[in-house]
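S.K.: So that you have it, the file is final.cif, and it contains mmCIF, C-alpha atoms and all ligand atoms:
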```cif
data_structure
#
loop_
_atom_site.label_atom_id
_atom_site.label_comp_id
_atom_site.auth_asym_id
_atom_site.auth_seq_id
_atom_site.Cartn_x
_atom_site.Cartn_y
_atom_site.Cartn_z
CA MET A 294 121.46 151.84 134.84
CA CYS A 295 123.77 148.97 135.80
CA THR A 296 125.55 149.92 139.03
CA ASP A 297 127.48 146.65 139.32
CA THR A 298 130.24 147.34 136.82
CA ALA A 299 131.61 143.80 137.27
CA LYS A 300 128.59 142.59 135.26
CA LEU A 301 129.34 144.86 132.34
CA SER A 302 131.27 143.94 129.24
CA ILE A 303 133.77 146.78 128.97
CA PRO A 304 134.50 148.11 125.47
CA ARG A 305 138.13 147.65 124.58
CA HIS A 306 138.26 151.08 122.95
CA ILE A 307 136.06 154.09 123.74
CA ALA A 308 136.21 157.28 121.67
CA ILE A 309 134.61 160.50 122.87
CA ILE A 310 133.57 163.74 121.17
CA MET A 311 133.67 166.09 124.16
CA ASP A 312 131.06 168.65 123.12
CA GLY A 313 129.14 171.34 124.99
CA ASN A 314 131.85 173.22 126.90
CA GLY A 315 131.01 176.58 125.33
CA ARG A 316 127.23 176.29 125.87
CA TRP A 317 127.78 175.05 129.44
CA ALA A 318 129.76 178.23 130.19
CA GLU A 319 127.38 180.55 128.35
CA GLU A 320 124.42 179.13 130.32
CA ARG A 321 126.26 180.32 133.43
CA GLY A 322 126.99 183.76 131.97
CA LYS A 323 130.69 182.93 131.70
CA HIS A 324 133.29 183.02 128.94
CA ARG A 325 133.60 179.87 126.81
CA LEU A 326 137.04 179.19 128.25
CA PHE A 327 135.42 178.69 131.65
CA GLY A 328 133.62 175.72 130.07
CA HIS A 329 136.82 174.30 128.60
CA LYS A 330 138.47 174.61 132.01
CA ALA A 331 135.60 172.69 133.60
CA GLY A 332 135.96 170.22 130.75
CA VAL A 333 139.46 169.37 131.95
CA ASP A 334 138.00 168.11 135.26
CA ALA A 335 135.70 165.85 133.25
CA VAL A 336 138.70 164.60 131.25
CA ARG A 337 140.49 163.67 134.50
CA GLU A 338 137.51 161.77 135.87
CA VAL A 339 136.79 159.96 132.61
CA VAL A 340 140.44 158.91 132.20
CA GLU A 341 140.57 157.63 135.77
CA THR A 342 137.23 155.82 135.48
CA SER A 343 138.11 154.26 132.14
CA ARG A 344 141.37 152.98 133.57
CA SER A 345 139.71 151.54 136.65
CA LEU A 346 137.02 149.82 134.56
CA GLY A 347 139.63 148.18 132.33
CA VAL A 348 139.14 150.15 129.12
CA GLN A 349 142.32 149.54 127.10
CA HIS A 350 142.14 152.46 124.67
CA LEU A 351 140.48 155.82 125.26
CA THR A 352 140.46 158.43 122.49
CA LEU A 353 139.43 162.00 123.24
CA TYR A 354 138.67 164.55 120.51
CA ALA A 355 140.41 167.50 122.11
CA PHE A 356 141.03 169.78 119.12
CA SER A 357 139.97 169.36 115.50
CA THR A 358 141.56 170.77 112.36
CA GLU A 359 138.40 172.93 112.10
CA ASN A 360 138.90 174.28 115.65
CA TRP A 361 141.78 176.46 114.36
CA ARG A 362 139.02 178.69 112.92
CA ARG A 363 137.84 179.69 116.42
CA PRO A 364 138.66 183.13 117.86
CA GLU A 365 142.35 183.45 118.62
CA GLY A 366 141.77 183.89 122.36
CA GLU A 367 139.81 180.64 122.57
CA VAL A 368 142.45 178.72 120.58
CA SER A 369 145.31 180.00 122.72
CA GLY A 370 143.29 179.36 125.90
CA LEU A 371 142.72 175.77 124.80
CA MET A 372 146.43 175.33 124.03
CA THR A 373 147.34 176.64 127.49
CA LEU A 374 144.86 174.25 129.12
CA LEU A 375 146.27 171.37 127.16
CA GLN A 376 149.81 172.25 128.12
CA SER A 377 148.99 172.53 131.82
CA TYR A 378 146.92 169.32 131.72
CA LEU A 379 149.85 167.40 130.24
CA ARG A 380 152.29 168.89 132.76
CA SER A 381 150.08 168.05 135.72
CA GLU A 382 149.11 164.54 134.60
CA LEU A 383 152.46 162.91 133.84
CA LYS A 384 152.84 161.50 137.35
CA THR A 385 149.29 160.13 137.38
CA MET A 386 149.75 158.59 133.94
CA LEU A 387 152.93 156.86 135.06
CA SER A 388 151.46 155.58 138.31
CA ASN A 389 148.39 154.29 136.47
CA ASP A 390 150.43 152.73 133.67
CA ILE A 391 148.79 154.92 131.00
CA ARG A 392 150.53 155.55 127.71
CA LEU A 393 149.84 158.86 125.97
CA CYS A 394 149.57 159.00 122.18
CA CYS A 395 148.60 161.77 119.81
CA LEU A 396 146.37 161.41 116.75
CA GLY A 397 146.63 164.35 114.39
CA GLU A 398 148.95 166.98 112.98
CA ALA A 399 151.07 167.50 116.10
CA GLN A 400 153.45 169.67 114.06
CA GLN A 401 150.70 172.33 113.83
CA LEU A 402 150.61 172.79 117.62
CA PRO A 403 152.52 175.63 119.28
CA ALA A 404 156.13 174.67 120.13
CA GLU A 405 155.57 174.72 123.90
CA VAL A 406 152.58 172.33 123.62
CA ARG A 407 154.49 170.07 121.24
CA GLU A 408 157.38 169.95 123.65
CA VAL A 409 155.35 168.78 126.65
CA LEU A 410 153.33 166.44 124.43
CA GLU A 411 156.46 164.77 123.06
CA LYS A 412 157.99 164.52 126.52
CA THR A 413 154.83 162.91 127.96
CA MET A 414 154.58 160.49 125.04
CA ALA A 415 158.24 159.50 125.40
CA GLU A 416 158.06 159.06 129.17
CA THR A 417 154.89 156.97 129.07
CA MET A 418 155.96 154.90 126.07
CA HIS A 419 156.51 151.78 128.22
CA CYS A 420 153.10 151.97 129.94
CA GLY A 421 150.75 149.16 129.01
CA ALA A 422 147.50 149.20 130.97
CA MET A 423 145.68 151.80 128.89
CA VAL A 424 146.44 153.98 125.86
CA LEU A 425 145.11 157.53 126.09
CA ASN A 426 144.90 159.00 122.60
CA LEU A 427 144.45 162.74 122.37
CA ALA A 428 143.16 163.76 118.96
CA LEU A 429 144.88 167.11 118.43
CA SER A 430 144.64 169.16 115.26
CA TYR A 431 142.86 166.05 114.01
CA GLY A 432 140.58 165.74 110.98
CA GLY A 433 139.27 162.43 109.66
CA ARG A 434 139.33 163.43 106.00
CA SER A 435 142.82 164.85 106.18
CA GLU A 436 144.00 161.65 107.90
CA LEU A 437 142.61 159.63 104.95
CA VAL A 438 144.18 161.96 102.39
CA ARG A 439 147.50 161.63 104.20
CA VAL A 440 147.30 157.82 103.91
CA ALA A 441 146.27 158.03 100.24
CA ARG A 442 149.23 160.29 99.49
CA SER A 443 151.71 158.04 101.23
CA LEU A 444 150.41 154.98 99.34
CA ALA A 445 150.48 156.88 96.04
CA ARG A 446 154.06 157.96 96.67
CA ASP A 447 155.13 154.39 97.46
CA CYS A 448 153.47 153.20 94.24
CA GLU A 449 155.05 155.96 92.19
CA GLU A 450 158.50 155.25 93.61
CA GLY A 451 158.14 151.52 92.98
CA ARG A 452 158.00 150.33 96.61
CA LEU A 453 154.40 149.19 96.33
CA HIS A 454 152.08 147.73 93.71
CA TRP A 455 148.56 149.15 93.72
CA LYS A 456 147.14 145.62 93.87
CA SER A 457 148.71 145.07 97.28
CA ILE A 458 146.69 147.91 98.79
CA ASP A 459 144.10 146.38 101.09
CA GLU A 460 142.31 147.42 104.27
CA GLU A 461 145.08 146.16 106.52
CA LEU A 462 147.80 148.06 104.68
CA PHE A 463 145.65 151.20 104.64
CA ALA A 464 144.85 150.97 108.38
CA GLY A 465 148.56 150.51 109.08
CA ARG A 466 149.18 154.08 107.93
CA LEU A 467 146.51 155.75 110.04
CA TYR A 468 147.50 157.70 113.15
CA SER A 469 145.89 154.89 115.16
CA VAL A 470 148.20 152.22 113.68
CA GLY A 471 148.33 149.10 115.82
CA GLN A 472 145.29 150.02 117.91
CA PRO A 473 141.89 148.35 117.68
CA ASP A 474 139.00 150.38 116.25
CA PRO A 475 136.69 152.02 118.80
CA ASP A 476 133.83 149.80 119.96
CA LEU A 477 131.87 152.70 121.39
CA LEU A 478 131.68 156.34 120.36
CA ILE A 479 130.20 158.76 122.88
CA ARG A 480 129.22 162.29 121.90
CA THR A 481 128.13 164.68 124.63
CA GLY A 482 126.31 167.99 124.25
CA GLY A 483 123.20 166.89 122.33
CA GLU A 484 124.48 166.96 118.73
CA ARG A 485 124.29 163.78 116.67
CA ARG A 486 127.07 163.88 114.14
CA LEU A 487 130.64 162.64 113.69
CA SER A 488 132.24 166.02 112.96
CA ASN A 489 135.10 164.55 110.91
CA PHE A 490 136.20 162.24 113.75
CA LEU A 491 137.88 158.87 113.06
CA LEU A 492 136.00 158.35 109.80
CA TRP A 493 137.76 155.07 109.01
CA GLN A 494 138.05 153.73 112.55
CA LEU A 495 134.40 154.28 113.57
CA SER A 496 132.98 152.03 110.82
CA TYR A 497 131.58 149.46 113.25
CA ALA A 498 131.42 151.48 116.46
CA GLU A 499 128.22 151.69 118.48
CA LEU A 500 127.14 155.32 118.64
CA TYR A 501 125.90 156.84 121.90
CA PHE A 502 124.64 160.41 122.10
CA THR A 503 123.80 162.21 125.31
CA GLU A 504 122.37 165.65 126.07
CA THR A 505 124.81 165.96 129.00
CA LYS A 506 127.34 168.67 128.24
CA TRP A 507 130.97 167.64 128.55
CA PRO A 508 131.81 169.55 131.77
CA ASP A 509 129.01 167.64 133.55
CA PHE A 510 130.06 164.24 132.20
CA ARG A 511 131.30 162.09 135.08
CA ARG A 512 131.77 158.44 136.15
CA PRO A 513 128.01 157.66 136.32
CA HIS A 514 127.52 159.06 132.80
CA LEU A 515 130.33 156.90 131.45
CA ILE A 516 128.86 153.82 133.16
CA GLU A 517 125.45 154.71 131.69
CA ALA A 518 126.98 154.83 128.20
CA ILE A 519 128.70 151.48 128.74
CA THR A 520 125.43 150.01 130.04
CA ALA A 521 123.67 151.16 126.85
CA TYR A 522 126.51 149.62 124.82
CA ASN A 523 125.92 146.32 126.64
CA GLN A 524 122.34 146.33 125.38
CA ARG A 525 123.38 146.54 121.74
CA GLN A 526 123.89 143.49 119.56
CA ARG A 527 126.97 143.90 117.39
CA ARG A 528 126.41 141.91 114.22
CA PHE A 529 129.28 143.01 111.93
CA GLY A 530 127.13 142.15 108.91
CA ARG A 531 125.90 138.80 110.27
CA THR A 532 122.27 138.02 111.17
CA GLY A 533 121.07 138.23 114.77
CA GLY A 534 120.63 134.42 114.79
CA GLN A 535 124.20 133.86 113.66
CA VAL A 536 125.53 136.16 116.36
CA LEU A 537 123.57 134.31 119.05
CA SER A 538 124.80 130.90 117.90
CA LEU A 539 128.39 132.14 117.72
CA ALA A 540 128.06 133.42 121.31
CA VAL A 541 126.87 129.95 122.42
CA GLU A 542 129.76 128.23 120.64
CA GLN A 543 132.36 130.52 122.18
CA PRO A 544 133.89 129.29 125.46
C1 LIG B 601 133.86 171.22 122.20
O1 LIG B 601 133.01 172.06 122.93
C2 LIG B 601 135.12 171.07 122.89
C3 LIG B 601 136.32 171.44 122.40
C4 LIG B 601 136.47 172.04 121.07
C5 LIG B 601 137.56 171.30 123.17
C6 LIG B 601 137.61 170.19 124.16
C7 LIG B 601 138.65 170.52 125.16
C8 LIG B 601 138.62 170.17 126.47
C9 LIG B 601 137.60 169.31 127.04
C10 LIG B 601 139.65 170.70 127.41
C11 LIG B 601 141.06 170.43 127.06
C12 LIG B 601 141.34 169.02 126.73
C13 LIG B 601 142.23 168.21 127.34
C14 LIG B 601 142.44 166.83 126.84
C15 LIG B 601 143.00 168.60 128.51
P1 LIG B 601 132.48 173.38 122.24
O2 LIG B 601 133.36 174.49 122.64
O3 LIG B 601 132.32 173.18 120.79
O4 LIG B 601 131.08 173.53 122.94
P2 LIG B 601 129.78 174.18 122.31
O5 LIG B 601 129.28 173.22 121.26
O6 LIG B 601 128.86 174.24 123.47
O7 LIG B 601 130.13 175.54 121.77
#
```
Can I see the file as structure tokens?
M.R.:
Amino acid sequence: MCTDTAKLSIPRHIAIIMDGNGRWAEERGKHRLFGHKAGVDAVREVVETSRSLGVQHLTLYAFSTENWRRPEGEVSGLMTLLQSYLRSELKTMLSNDIRLCCLGEAQQLPAEVREVLEKTMAETMHCGAMVLNLALSYGGRSELVRVARSLARDCEEGRLHWKSIDEELFAGRLYSVGQPDPDLLIRTGGERRLSNFLLWQLSYAELYFTETKWPDFRRPHLIEAITAYNQRQRRFGRTGGQVLSLAVEQP
């Protein structure tokens, strides 16, 4: 692993599927919520590390549309954790110049979570060093359907011609509007799937899977993932030779 982070090329945008909290707790004979609570400590360290490394956008999959199907006690426990995390982190976000954004159906969240979420987003609106996106009540397919519906409505009501629909216009209606696509997707907890996360935005992301369960994921694990990313060649459809010659031409 590269320990000199100055030598690393830092992805502009990192997205993370924080998996393994439940199994981490069960391995210790504890309730699943114990794992989610430990997961919050990992969130804090990963946010702080990302900021100090110069990551500009960090997106964390904190609650999916499918997660509403979990037992009621686990859902309400997660909502409480989220609420207390947001309350406790506002100061740190402000002092570290971190802007909070939400990707997902925020209107589905309980009123007290929505309230603190909206307050944190409004108060950090001016921050510019890093964007922290929390994907909350987020589903990739439903995000795409939402965009399709809004384009269809604009066409039906005469504000848009179907021929003007292109990738740029489509991307401009995603929750992540204005933000670059993730360069690196990390999934912890040993599974190797996307689980309905950022289906449009992850098209060209490098995928990194680790067995480490989310509550154990810390600064060295993040640096390890970035080191692995540095060993990949991103071709975006070009040949390896083309990519190398472009790199030579670039200043
Ligand atoms: C997946 O692990 C994790 C979640 C569904 C929730 C993630 C939430 C946190 C890390 C804490 C709250 C978040 C913030 C941003 C403060 P899992 O429960 O599916 O684990 P398992 O696969 O081992 O069952």
S.K.: Using all atoms listed in the file for the distances, tell me which of A:Glu320, A:Glu517, A:Glu504, A:Asp474 is nearest to Arg305 of chain A.
M.R.: A:Asp474
S.K.: Could you name the residues that touch Leu477 of chain A at 7 Å or less, counting all atoms listed in the file, but leaving out those on the same chain fewer than 3 positions away, as a list in words?
M.R.: Pro304, His306, Ile307, Ala308, Ala498, Glu499 and Leu500 of chain A
S.K.: With distances taken over only C-alpha atoms and all ligand atoms, which of A:Trp493, A:Tyr468, A:Trp455, A:Phe510 is nearest to ligand LIG 601 (chain B)?
M.R.: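 Of A:Trp493, A:Tyr468, A:Trp455, A:Phe510, the one nearest ligand LIG 601 (chain B) is A:Phe510, counting only C-alpha atoms and all ligand atoms.
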S.K.: Would you mind telling me which residue in A:Leu491, A:Cys448, A:Val440, A:Leu371 lies nearest to Glu460 of chain A when using all atoms listed in the file?
M.R.: A:Val440
S.K.: Extract, using all atoms listed in the file, all DNA, RNA and protein residues at most 10 Å from segment 336-351 of chain A, discarding same-chain residues fewer than 2 positions from it, and format them as a PyMOL selection string.
M.R.: chain A and resi 298-299+301-309+311+331-334+353+355+378+382+385-386+389-393+421-427+472-477+507-508+510-516
S.K.: For Ser496 of chain A, which residue out of A:Leu478, A:Leu402, A:Trp317, A:Thr417 is the nearest one, using all atoms listed in the file?
M.R.: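 Among the listed residues, A:Leu478 lies closest to Ser496 of chain A.
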S.K.: How many Å separate atom CA of Val438 of chain A from atom C4 of ligand LIG 601 (chain B)?
M.R.: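 Computing it gives 22.6 Å between the two atoms.
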